[in-house]
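Right, one structure below, let's go through it.
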Amino acid sequence: MRTFTYERATDAQGALAAMSRPGAKFISGGTNLLDLMKLEIEQPSHLVDISRLPLADIEELPDGGLRLGAQATNSAAAADPRVRTRYPVLTQALVSGASGQLRNMASVGGNLLQRTRCPYFYYSAAGCNKRDPGSGCAAIGGYNRIHAILGASEACIATHPSDMAVAMTALEAQIELLDSDHSTRRVAIADFHRLPGDTPHIETDLRPGEMITSVMLPPAPPGGQVYRKVRDRASFEFALVSVAAIVATDGETISSARVAFGGVAHKPWRSADAEAALTGRPATMATYRTAAEAAMRDAVGQGHNDFKIELAKRTLCRTLARAVQVS
Ligand code: SF4
């Protein structure tokens with residue numbers, strides 16, 4: 001690890017000012033950044049610790065939604081009674097991520113910014129356009145079992161590792177940002193993470209020096225909410241495929257549906273095709289299968305990960321069936 005300086009910010013203005021130093025980077029829980037620094041993938045010369053800023057509260061919004069402070073830990077967000085009762089898909093996603101110890105440290109804001117777990121990204125001898133733009137992509141033609149089946153490019157086939165962000169995508173969360181000039185803006189989570197294109201090293205819409213201050217959840221949509229995660233072991237593992245589904249029914253008919261996948265693309269993958277195939281249709285396994293085929297119509301395997309296409313279809317069917325059950 002390279003040497004760096006450290007300061008703990010006590011207010012947002014001080015944190016933003018500290019970011020004007022060359023090579024400065026925010027740190028919160030540090031559950032991903034410290035690993036990246038040890039491997040010299042991230043090489044900040046100055047760390048600005050924002051974990052103690054007064055941005056950890058979880059508050060009611062006037063419209064019936066909820067604001068999660070960016071410094072709330074993943075554990076605190078998952079355990080909040082309002083999240084558990086009104087946004088169970090989010091609690092389920094949060095508790096399926098990492099381990100209890102990591103969730104106690106990881107922040108809501110940091111979770112959104114965690115980086116891919118593509119093994120070649122962490123292996124400096126391999127070409128990786130995300131780590132070293134222009135150096136190629138060792139995963140294409142390499143061992144790519146965990147890689148993307150949707151939205152990939154010739155430059156990068158990595159997936160986004162977050163569970164929380166998948167649930168937030170189904171919930172249509174908005175991300176609140178504070179810029180270095182103290183202006184604020186909101187970005188829909190669907191627009192926050194980017195597909196790789198030919199710039200896979202640019203992963204989000206975040207501007208230099210900008211800070212995530214909160215995530216705003218709109219009022220809970222009608223229907224049953226379920227997050228299902230399929231992985232190689234039962235805990236402390238990233239998703240091969242995950243699904244967040246929110247489904248409402250009117251009698252035997254699906255009246256509304258939201259579907260987002262994790263583990264399949266460079267960002268949480270909302271499937272408008274699946275949602276269209278579900279809405280107004282009978283709540284049956286045949287309908288779920290039709291939606292699954294629609295969701296994976298453009299999916300492309302890379303060899304080792306071909307199995308993910310069928311896995312994603314089956315995971316969606318199981319998740320939809322459960323969401324209807326609890327709606
Ligand atoms: Fe790097 Fe992306 Fe290729 Fe992995 S998939 S080696 S992160 S460019």
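To be explicit about the labels: the chains of the structure tokens are called A, B, and onward in the order shown, and within each one the residues are counted from 1, while ligands get numbers from 1 in the order they are shown.
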Contact residues around region 319-326 of chain A with only C-alpha atoms at 8 Å, ignoring same-chain residues under 2 positions, as a PyMOL selection string: chain A and resi 223-228+243-249+283-285+288+315-317
Residues as selected, all heavy atoms, written as a compact mmCIF listing (two decimals), in the first residue's frame, can you do that?
# COMPACT_ATOMS: atom_id res chain seq x y z
N GLY A 223 -48.24 -4.01 -3.68
CA GLY A 223 -47.88 -5.37 -4.05
C GLY A 223 -46.85 -6.02 -3.16
O GLY A 223 -46.31 -5.39 -2.24
N GLY A 224 -46.59 -7.27 -3.44
CA GLY A 224 -45.59 -8.03 -2.69
C GLY A 224 -44.20 -7.74 -3.19
O GLY A 224 -43.99 -7.54 -4.39
N GLN A 225 -43.26 -7.69 -2.25
CA GLN A 225 -41.87 -7.39 -2.59
C GLN A 225 -40.98 -8.57 -2.18
O GLN A 225 -41.05 -9.02 -1.03
CB GLN A 225 -41.39 -6.15 -1.84
CG GLN A 225 -42.22 -4.90 -2.06
CD GLN A 225 -41.65 -3.71 -1.27
OE1 GLN A 225 -40.52 -3.73 -0.79
NE2 GLN A 225 -42.47 -2.69 -1.12
N VAL A 226 -40.14 -9.01 -3.11
CA VAL A 226 -39.23 -10.13 -2.81
C VAL A 226 -37.88 -9.90 -3.49
O VAL A 226 -37.83 -9.47 -4.65
CB VAL A 226 -39.82 -11.48 -3.29
CG1 VAL A 226 -38.81 -12.62 -3.08
CG2 VAL A 226 -41.12 -11.80 -2.57
N TYR A 227 -36.81 -10.19 -2.74
CA TYR A 227 -35.47 -10.22 -3.32
C TYR A 227 -34.94 -11.64 -3.19
O TYR A 227 -34.95 -12.22 -2.10
CB TYR A 227 -34.53 -9.26 -2.58
CG TYR A 227 -33.17 -9.13 -3.22
CD1 TYR A 227 -33.00 -8.40 -4.39
CD2 TYR A 227 -32.04 -9.77 -2.68
CE1 TYR A 227 -31.76 -8.28 -4.99
CE2 TYR A 227 -30.79 -9.65 -3.28
CZ TYR A 227 -30.66 -8.90 -4.44
OH TYR A 227 -29.42 -8.78 -5.04
N ARG A 228 -34.52 -12.19 -4.30
CA ARG A 228 -33.95 -13.55 -4.29
C ARG A 228 -32.56 -13.50 -4.91
O ARG A 228 -32.38 -12.93 -5.98
CB ARG A 228 -34.84 -14.51 -5.09
CG ARG A 228 -34.33 -15.95 -5.10
CD ARG A 228 -35.26 -16.85 -5.89
NE ARG A 228 -36.52 -17.07 -5.20
CZ ARG A 228 -36.75 -18.09 -4.39
NH1 ARG A 228 -35.82 -19.00 -4.20
NH2 ARG A 228 -37.93 -18.23 -3.82
N VAL A 243 -32.74 -11.23 -8.24
CA VAL A 243 -33.94 -10.58 -8.77
C VAL A 243 -34.64 -9.84 -7.65
O VAL A 243 -34.86 -10.41 -6.56
CB VAL A 243 -34.91 -11.60 -9.39
CG1 VAL A 243 -36.23 -10.92 -9.78
CG2 VAL A 243 -34.29 -12.28 -10.61
N ALA A 244 -34.99 -8.59 -7.90
CA ALA A 244 -35.91 -7.85 -7.04
C ALA A 244 -37.22 -7.72 -7.80
O ALA A 244 -37.23 -7.22 -8.93
CB ALA A 244 -35.35 -6.47 -6.72
N ALA A 245 -38.29 -8.20 -7.20
CA ALA A 245 -39.60 -8.15 -7.86
C ALA A 245 -40.62 -7.52 -6.93
O ALA A 245 -40.65 -7.80 -5.73
CB ALA A 245 -40.05 -9.55 -8.27
N ILE A 246 -41.45 -6.65 -7.50
CA ILE A 246 -42.56 -6.04 -6.77
C ILE A 246 -43.80 -6.24 -7.64
O ILE A 246 -43.87 -5.70 -8.77
CB ILE A 246 -42.31 -4.54 -6.52
CG1 ILE A 246 -40.98 -4.34 -5.78
CG2 ILE A 246 -43.47 -3.93 -5.72
CD1 ILE A 246 -40.57 -2.89 -5.60
N VAL A 247 -44.74 -7.02 -7.15
CA VAL A 247 -45.87 -7.42 -7.98
C VAL A 247 -47.18 -7.19 -7.22
O VAL A 247 -47.33 -7.63 -6.07
CB VAL A 247 -45.77 -8.91 -8.36
CG1 VAL A 247 -46.92 -9.31 -9.28
CG2 VAL A 247 -44.43 -9.21 -9.04
N ALA A 248 -48.12 -6.52 -7.88
CA ALA A 248 -49.46 -6.35 -7.33
C ALA A 248 -50.46 -7.10 -8.21
O ALA A 248 -50.27 -7.19 -9.43
CB ALA A 248 -49.82 -4.86 -7.28
N THR A 249 -51.48 -7.64 -7.57
CA THR A 249 -52.49 -8.39 -8.31
C THR A 249 -53.89 -7.84 -8.04
O THR A 249 -54.16 -7.26 -6.98
CB THR A 249 -52.46 -9.88 -7.92
OG1 THR A 249 -52.59 -9.98 -6.50
CG2 THR A 249 -51.18 -10.54 -8.37
N ALA A 283 -51.66 -14.40 -13.21
CA ALA A 283 -50.51 -14.70 -12.34
C ALA A 283 -50.27 -16.20 -12.34
O ALA A 283 -50.60 -16.92 -11.39
CB ALA A 283 -50.77 -14.17 -10.93
N THR A 284 -49.67 -16.67 -13.42
CA THR A 284 -49.39 -18.10 -13.57
C THR A 284 -47.93 -18.31 -13.95
O THR A 284 -47.26 -17.38 -14.44
CB THR A 284 -50.25 -18.73 -14.68
OG1 THR A 284 -49.90 -18.09 -15.93
CG2 THR A 284 -51.74 -18.52 -14.41
N MET A 285 -47.47 -19.53 -13.78
CA MET A 285 -46.08 -19.84 -14.13
C MET A 285 -45.85 -19.64 -15.63
O MET A 285 -44.75 -19.25 -16.04
CB MET A 285 -45.74 -21.27 -13.69
CG MET A 285 -44.27 -21.59 -13.71
SD MET A 285 -43.19 -20.41 -12.82
CE MET A 285 -43.52 -20.84 -11.10
N TYR A 288 -45.04 -16.08 -16.03
CA TYR A 288 -43.71 -15.76 -15.50
C TYR A 288 -42.64 -16.22 -16.50
O TYR A 288 -41.64 -15.53 -16.71
CB TYR A 288 -43.46 -16.44 -14.15
CG TYR A 288 -44.54 -16.22 -13.12
CD1 TYR A 288 -44.77 -17.14 -12.10
CD2 TYR A 288 -45.35 -15.08 -13.16
CE1 TYR A 288 -45.74 -16.95 -11.16
CE2 TYR A 288 -46.34 -14.88 -12.22
CZ TYR A 288 -46.54 -15.83 -11.22
OH TYR A 288 -47.52 -15.64 -10.30
N THR A 315 -34.75 -17.96 -11.90
CA THR A 315 -34.78 -17.15 -10.67
C THR A 315 -35.91 -16.13 -10.74
O THR A 315 -36.61 -15.90 -9.74
CB THR A 315 -33.43 -16.43 -10.48
OG1 THR A 315 -32.38 -17.40 -10.52
CG2 THR A 315 -33.38 -15.70 -9.15
N LEU A 316 -36.12 -15.56 -11.90
CA LEU A 316 -37.23 -14.61 -12.04
C LEU A 316 -38.57 -15.31 -11.79
O LEU A 316 -39.42 -14.79 -11.06
CB LEU A 316 -37.21 -13.97 -13.43
CG LEU A 316 -38.39 -13.03 -13.70
CD1 LEU A 316 -38.39 -11.86 -12.72
CD2 LEU A 316 -38.36 -12.50 -15.14
N CYS A 317 -38.76 -16.48 -12.37
CA CYS A 317 -40.03 -17.20 -12.19
C CYS A 317 -40.29 -17.49 -10.71
O CYS A 317 -41.40 -17.25 -10.21
CB CYS A 317 -40.03 -18.50 -12.99
SG CYS A 317 -40.06 -18.27 -14.78
Contacts of Ala299 (chain A) within 7 Å, only C-alpha atoms, excl. fewer than 4 positions in-chain, as a PyMOL selection string: chain A and resi 149-150+309
Next, the residues of the selection above should be written as a PDB file, in the first residue's frame with all heavy atoms.
ATOM      1  N   ILE A 149     -24.205 -10.871 -18.818  1.00  0.00           N
ATOM      2  CA  ILE A 149     -24.928 -11.455 -19.957  1.00  0.00           C
ATOM      3  C   ILE A 149     -25.797 -10.408 -20.650  1.00  0.00           C
ATOM      4  O   ILE A 149     -26.381 -10.678 -21.685  1.00  0.00           O
ATOM      5  CB  ILE A 149     -25.788 -12.662 -19.519  1.00  0.00           C
ATOM      6  CG1 ILE A 149     -26.727 -12.291 -18.361  1.00  0.00           C
ATOM      7  CG2 ILE A 149     -24.905 -13.849 -19.146  1.00  0.00           C
ATOM      8  CD1 ILE A 149     -27.702 -13.400 -17.967  1.00  0.00           C
ATOM      9  N   LEU A 150     -25.878  -9.220 -20.065  1.00  0.00           N
ATOM     10  CA  LEU A 150     -26.673  -8.135 -20.659  1.00  0.00           C
ATOM     11  C   LEU A 150     -25.871  -6.831 -20.600  1.00  0.00           C
ATOM     12  O   LEU A 150     -25.190  -6.553 -19.597  1.00  0.00           O
ATOM     13  CB  LEU A 150     -27.987  -7.952 -19.896  1.00  0.00           C
ATOM     14  CG  LEU A 150     -29.047  -9.045 -20.094  1.00  0.00           C
ATOM     15  CD1 LEU A 150     -30.115  -8.963 -18.998  1.00  0.00           C
ATOM     16  CD2 LEU A 150     -29.704  -8.929 -21.472  1.00  0.00           C
ATOM     17  N   ILE A 309     -27.968 -17.398 -18.198  1.00  0.00           N
ATOM     18  CA  ILE A 309     -29.177 -16.990 -18.926  1.00  0.00           C
ATOM     19  C   ILE A 309     -30.370 -17.805 -18.443  1.00  0.00           C
ATOM     20  O   ILE A 309     -31.416 -17.250 -18.076  1.00  0.00           O
ATOM     21  CB  ILE A 309     -28.962 -17.137 -20.446  1.00  0.00           C
ATOM     22  CG1 ILE A 309     -27.805 -16.221 -20.902  1.00  0.00           C
ATOM     23  CG2 ILE A 309     -30.243 -16.805 -21.205  1.00  0.00           C
ATOM     24  CD1 ILE A 309     -27.396 -16.404 -22.353  1.00  0.00           C
TER      25      ILE A 309
END
Within 6 Å of ligand 1 (only C-alpha atoms and all ligand atoms), residues as a PDB file with all heavy atoms, in the first residue's frame:
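So the final result, stored in out.pdb, reads:
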ATOM      1  N   CYS A 118     -14.813  -8.567 -10.632  1.00  0.00           N
ATOM      2  CA  CYS A 118     -14.126  -9.269 -11.723  1.00  0.00           C
ATOM      3  C   CYS A 118     -12.702  -9.583 -11.253  1.00  0.00           C
ATOM      4  O   CYS A 118     -11.950  -8.678 -10.883  1.00  0.00           O
ATOM      5  CB  CYS A 118     -14.078  -8.401 -12.970  1.00  0.00           C
ATOM      6  SG  CYS A 118     -12.976  -9.069 -14.249  1.00  0.00           S
ATOM      7  N   TYR A 120      -9.986 -10.280 -12.748  1.00  0.00           N
ATOM      8  CA  TYR A 120      -8.902  -9.669 -13.529  1.00  0.00           C
ATOM      9  C   TYR A 120      -8.720  -8.196 -13.166  1.00  0.00           C
ATOM     10  O   TYR A 120      -7.641  -7.641 -13.338  1.00  0.00           O
ATOM     11  CB  TYR A 120      -9.180  -9.815 -15.023  1.00  0.00           C
ATOM     12  CG  TYR A 120      -9.265 -11.257 -15.469  1.00  0.00           C
ATOM     13  CD1 TYR A 120     -10.498 -11.826 -15.784  1.00  0.00           C
ATOM     14  CD2 TYR A 120      -8.123 -12.048 -15.559  1.00  0.00           C
ATOM     15  CE1 TYR A 120     -10.587 -13.145 -16.185  1.00  0.00           C
ATOM     16  CE2 TYR A 120      -8.215 -13.373 -15.960  1.00  0.00           C
ATOM     17  CZ  TYR A 120      -9.444 -13.919 -16.277  1.00  0.00           C
ATOM     18  OH  TYR A 120      -9.534 -15.229 -16.664  1.00  0.00           O
ATOM     19  N   PHE A 121      -9.770  -7.572 -12.676  1.00  0.00           N
ATOM     20  CA  PHE A 121      -9.676  -6.191 -12.213  1.00  0.00           C
ATOM     21  C   PHE A 121      -8.704  -6.093 -11.033  1.00  0.00           C
ATOM     22  O   PHE A 121      -8.024  -5.086 -10.839  1.00  0.00           O
ATOM     23  CB  PHE A 121     -11.078  -5.703 -11.825  1.00  0.00           C
ATOM     24  CG  PHE A 121     -11.139  -4.319 -11.247  1.00  0.00           C
ATOM     25  CD1 PHE A 121     -10.838  -3.207 -12.012  1.00  0.00           C
ATOM     26  CD2 PHE A 121     -11.537  -4.126  -9.935  1.00  0.00           C
ATOM     27  CE1 PHE A 121     -10.907  -1.928 -11.478  1.00  0.00           C
ATOM     28  CE2 PHE A 121     -11.615  -2.859  -9.386  1.00  0.00           C
ATOM     29  CZ  PHE A 121     -11.301  -1.759 -10.162  1.00  0.00           C
ATOM     30  N   CYS A 128      -6.894  -4.991 -18.287  1.00  0.00           N
ATOM     31  CA  CYS A 128      -8.220  -4.642 -17.756  1.00  0.00           C
ATOM     32  C   CYS A 128      -8.508  -3.185 -18.097  1.00  0.00           C
ATOM     33  O   CYS A 128      -7.877  -2.279 -17.543  1.00  0.00           O
ATOM     34  CB  CYS A 128      -8.269  -4.863 -16.244  1.00  0.00           C
ATOM     35  SG  CYS A 128      -9.798  -4.267 -15.508  1.00  0.00           S
ATOM     36  N   ASN A 129      -9.462  -2.991 -18.983  1.00  0.00           N
ATOM     37  CA  ASN A 129      -9.804  -1.626 -19.410  1.00  0.00           C
ATOM     38  C   ASN A 129     -10.399  -0.783 -18.288  1.00  0.00           C
ATOM     39  O   ASN A 129     -10.368   0.445 -18.348  1.00  0.00           O
ATOM     40  CB  ASN A 129     -10.799  -1.687 -20.572  1.00  0.00           C
ATOM     41  CG  ASN A 129     -10.154  -2.178 -21.852  1.00  0.00           C
ATOM     42  OD1 ASN A 129      -9.020  -1.826 -22.155  1.00  0.00           O
ATOM     43  ND2 ASN A 129     -10.882  -3.008 -22.600  1.00  0.00           N
ATOM     44  N   LYS A 130     -10.956  -1.444 -17.305  1.00  0.00           N
ATOM     45  CA  LYS A 130     -11.539  -0.694 -16.185  1.00  0.00           C
ATOM     46  C   LYS A 130     -10.436  -0.170 -15.265  1.00  0.00           C
ATOM     47  O   LYS A 130     -10.474   0.964 -14.818  1.00  0.00           O
ATOM     48  CB  LYS A 130     -12.517  -1.600 -15.405  1.00  0.00           C
ATOM     49  CG  LYS A 130     -13.250  -0.894 -14.289  1.00  0.00           C
ATOM     50  CD  LYS A 130     -14.162  -1.837 -13.527  1.00  0.00           C
ATOM     51  CE  LYS A 130     -15.403  -2.213 -14.297  1.00  0.00           C
ATOM     52  NZ  LYS A 130     -16.264  -1.037 -14.572  1.00  0.00           N
ATOM     53  N   CYS A 137      -9.243  -6.530 -22.179  1.00  0.00           N
ATOM     54  CA  CYS A 137     -10.136  -7.165 -21.202  1.00  0.00           C
ATOM     55  C   CYS A 137      -9.823  -8.646 -21.153  1.00  0.00           C
ATOM     56  O   CYS A 137     -10.177  -9.397 -22.061  1.00  0.00           O
ATOM     57  CB  CYS A 137     -11.604  -6.960 -21.589  1.00  0.00           C
ATOM     58  SG  CYS A 137     -12.755  -7.882 -20.543  1.00  0.00           S
ATOM     59  N   ALA A 138      -9.131  -9.043 -20.078  1.00  0.00           N
ATOM     60  CA  ALA A 138      -8.724 -10.444 -19.947  1.00  0.00           C
ATOM     61  C   ALA A 138      -9.898 -11.381 -19.735  1.00  0.00           C
ATOM     62  O   ALA A 138      -9.779 -12.588 -19.955  1.00  0.00           O
ATOM     63  CB  ALA A 138      -7.735 -10.581 -18.794  1.00  0.00           C
ATOM     64  N   ALA A 139     -11.025 -10.842 -19.310  1.00  0.00           N
ATOM     65  CA  ALA A 139     -12.191 -11.713 -19.051  1.00  0.00           C
ATOM     66  C   ALA A 139     -12.820 -12.199 -20.353  1.00  0.00           C
ATOM     67  O   ALA A 139     -13.438 -13.265 -20.378  1.00  0.00           O
ATOM     68  CB  ALA A 139     -13.214 -10.950 -18.217  1.00  0.00           C
ATOM     69  N   ALA A 155     -15.316  -3.750 -24.582  1.00  0.00           N
ATOM     70  CA  ALA A 155     -14.277  -3.238 -23.679  1.00  0.00           C
ATOM     71  C   ALA A 155     -14.355  -3.858 -22.288  1.00  0.00           C
ATOM     72  O   ALA A 155     -13.339  -3.932 -21.583  1.00  0.00           O
ATOM     73  CB  ALA A 155     -14.384  -1.721 -23.554  1.00  0.00           C
ATOM     74  N   CYS A 156     -15.546  -4.300 -21.873  1.00  0.00           N
ATOM     75  CA  CYS A 156     -15.710  -4.782 -20.493  1.00  0.00           C
ATOM     76  C   CYS A 156     -16.993  -5.599 -20.366  1.00  0.00           C
ATOM     77  O   CYS A 156     -18.042  -5.194 -20.874  1.00  0.00           O
ATOM     78  CB  CYS A 156     -15.758  -3.592 -19.527  1.00  0.00           C
ATOM     79  SG  CYS A 156     -15.974  -4.031 -17.785  1.00  0.00           S
ATOM     80  N   ILE A 157     -16.878  -6.726 -19.652  1.00  0.00           N
ATOM     81  CA  ILE A 157     -18.058  -7.578 -19.416  1.00  0.00           C
ATOM     82  C   ILE A 157     -18.285  -7.769 -17.916  1.00  0.00           C
ATOM     83  O   ILE A 157     -18.881  -8.755 -17.495  1.00  0.00           O
ATOM     84  CB  ILE A 157     -17.917  -8.937 -20.133  1.00  0.00           C
ATOM     85  CG1 ILE A 157     -16.646  -9.674 -19.666  1.00  0.00           C
ATOM     86  CG2 ILE A 157     -17.901  -8.762 -21.642  1.00  0.00           C
ATOM     87  CD1 ILE A 157     -16.565 -11.120 -20.167  1.00  0.00           C
ATOM     88  N   ALA A 158     -17.829  -6.811 -17.120  1.00  0.00           N
ATOM     89  CA  ALA A 158     -17.959  -6.930 -15.665  1.00  0.00           C
ATOM     90  C   ALA A 158     -19.407  -6.710 -15.217  1.00  0.00           C
ATOM     91  O   ALA A 158     -20.215  -6.121 -15.933  1.00  0.00           O
ATOM     92  CB  ALA A 158     -17.057  -5.902 -14.984  1.00  0.00           C
TER      93      ALA A 158
END
Using only C-alpha atoms: which of A:Gly29, A:Pro119, A:Gly69, A:Pro22 has the shortest distance to Met216 (chain A):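 Closest to Met216 (chain A), using only C-alpha atoms: A:Gly69.
Within the 10 Å cut-off around Asn104 (chain A), using only C-alpha atoms and omitting residues fewer than 6 positions from it on the same chain, the listed residues are Gly29, Ala72, Thr73, Asn74, Ser75 and Ala76 of chain A.
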Using only C-alpha atoms: which of A:Arg2, A:Ala257, A:Gly136, A:Leu240 has the shortest distance to Glu310 (chain A):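 The shortest atom-to-atom distance to Glu310 (chain A) comes from A:Leu240.
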Non-local contacts of region 84-98 of chain A (10 Å; only C-alpha atoms; under 2 positions in same chain excluded) as an NGL selection string: :A and (31 or 65-66 or 74-82 or 100-103 or 106 or 108 or 111 or 161-171 or 217 or 219-222 or 224-230 or 234-239 or 242-246 or 323)
Between CA of Thr204 (chain A) and CA of Phe192 (chain A) - distance in Å to one decimal: 5.4 Å
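Straight-line separation from CA of Gln13 (chain A) to CA of Val215 (chain A): 19.3 Å.
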Neighbour list for Ala152 (chain A) as JSON, numbers by chain, cut-off 12 Å, only C-alpha atoms, skip fewer than 2 positions in-chain: {"A": [137, 139, 140, 147, 148, 149, 150, 154, 155, 156, 157, 158, 159, 160, 194, 195, 196, 197, 198, 199, 200, 264, 265, 266, 267, 269, 298, 299, 300, 301, 302]}
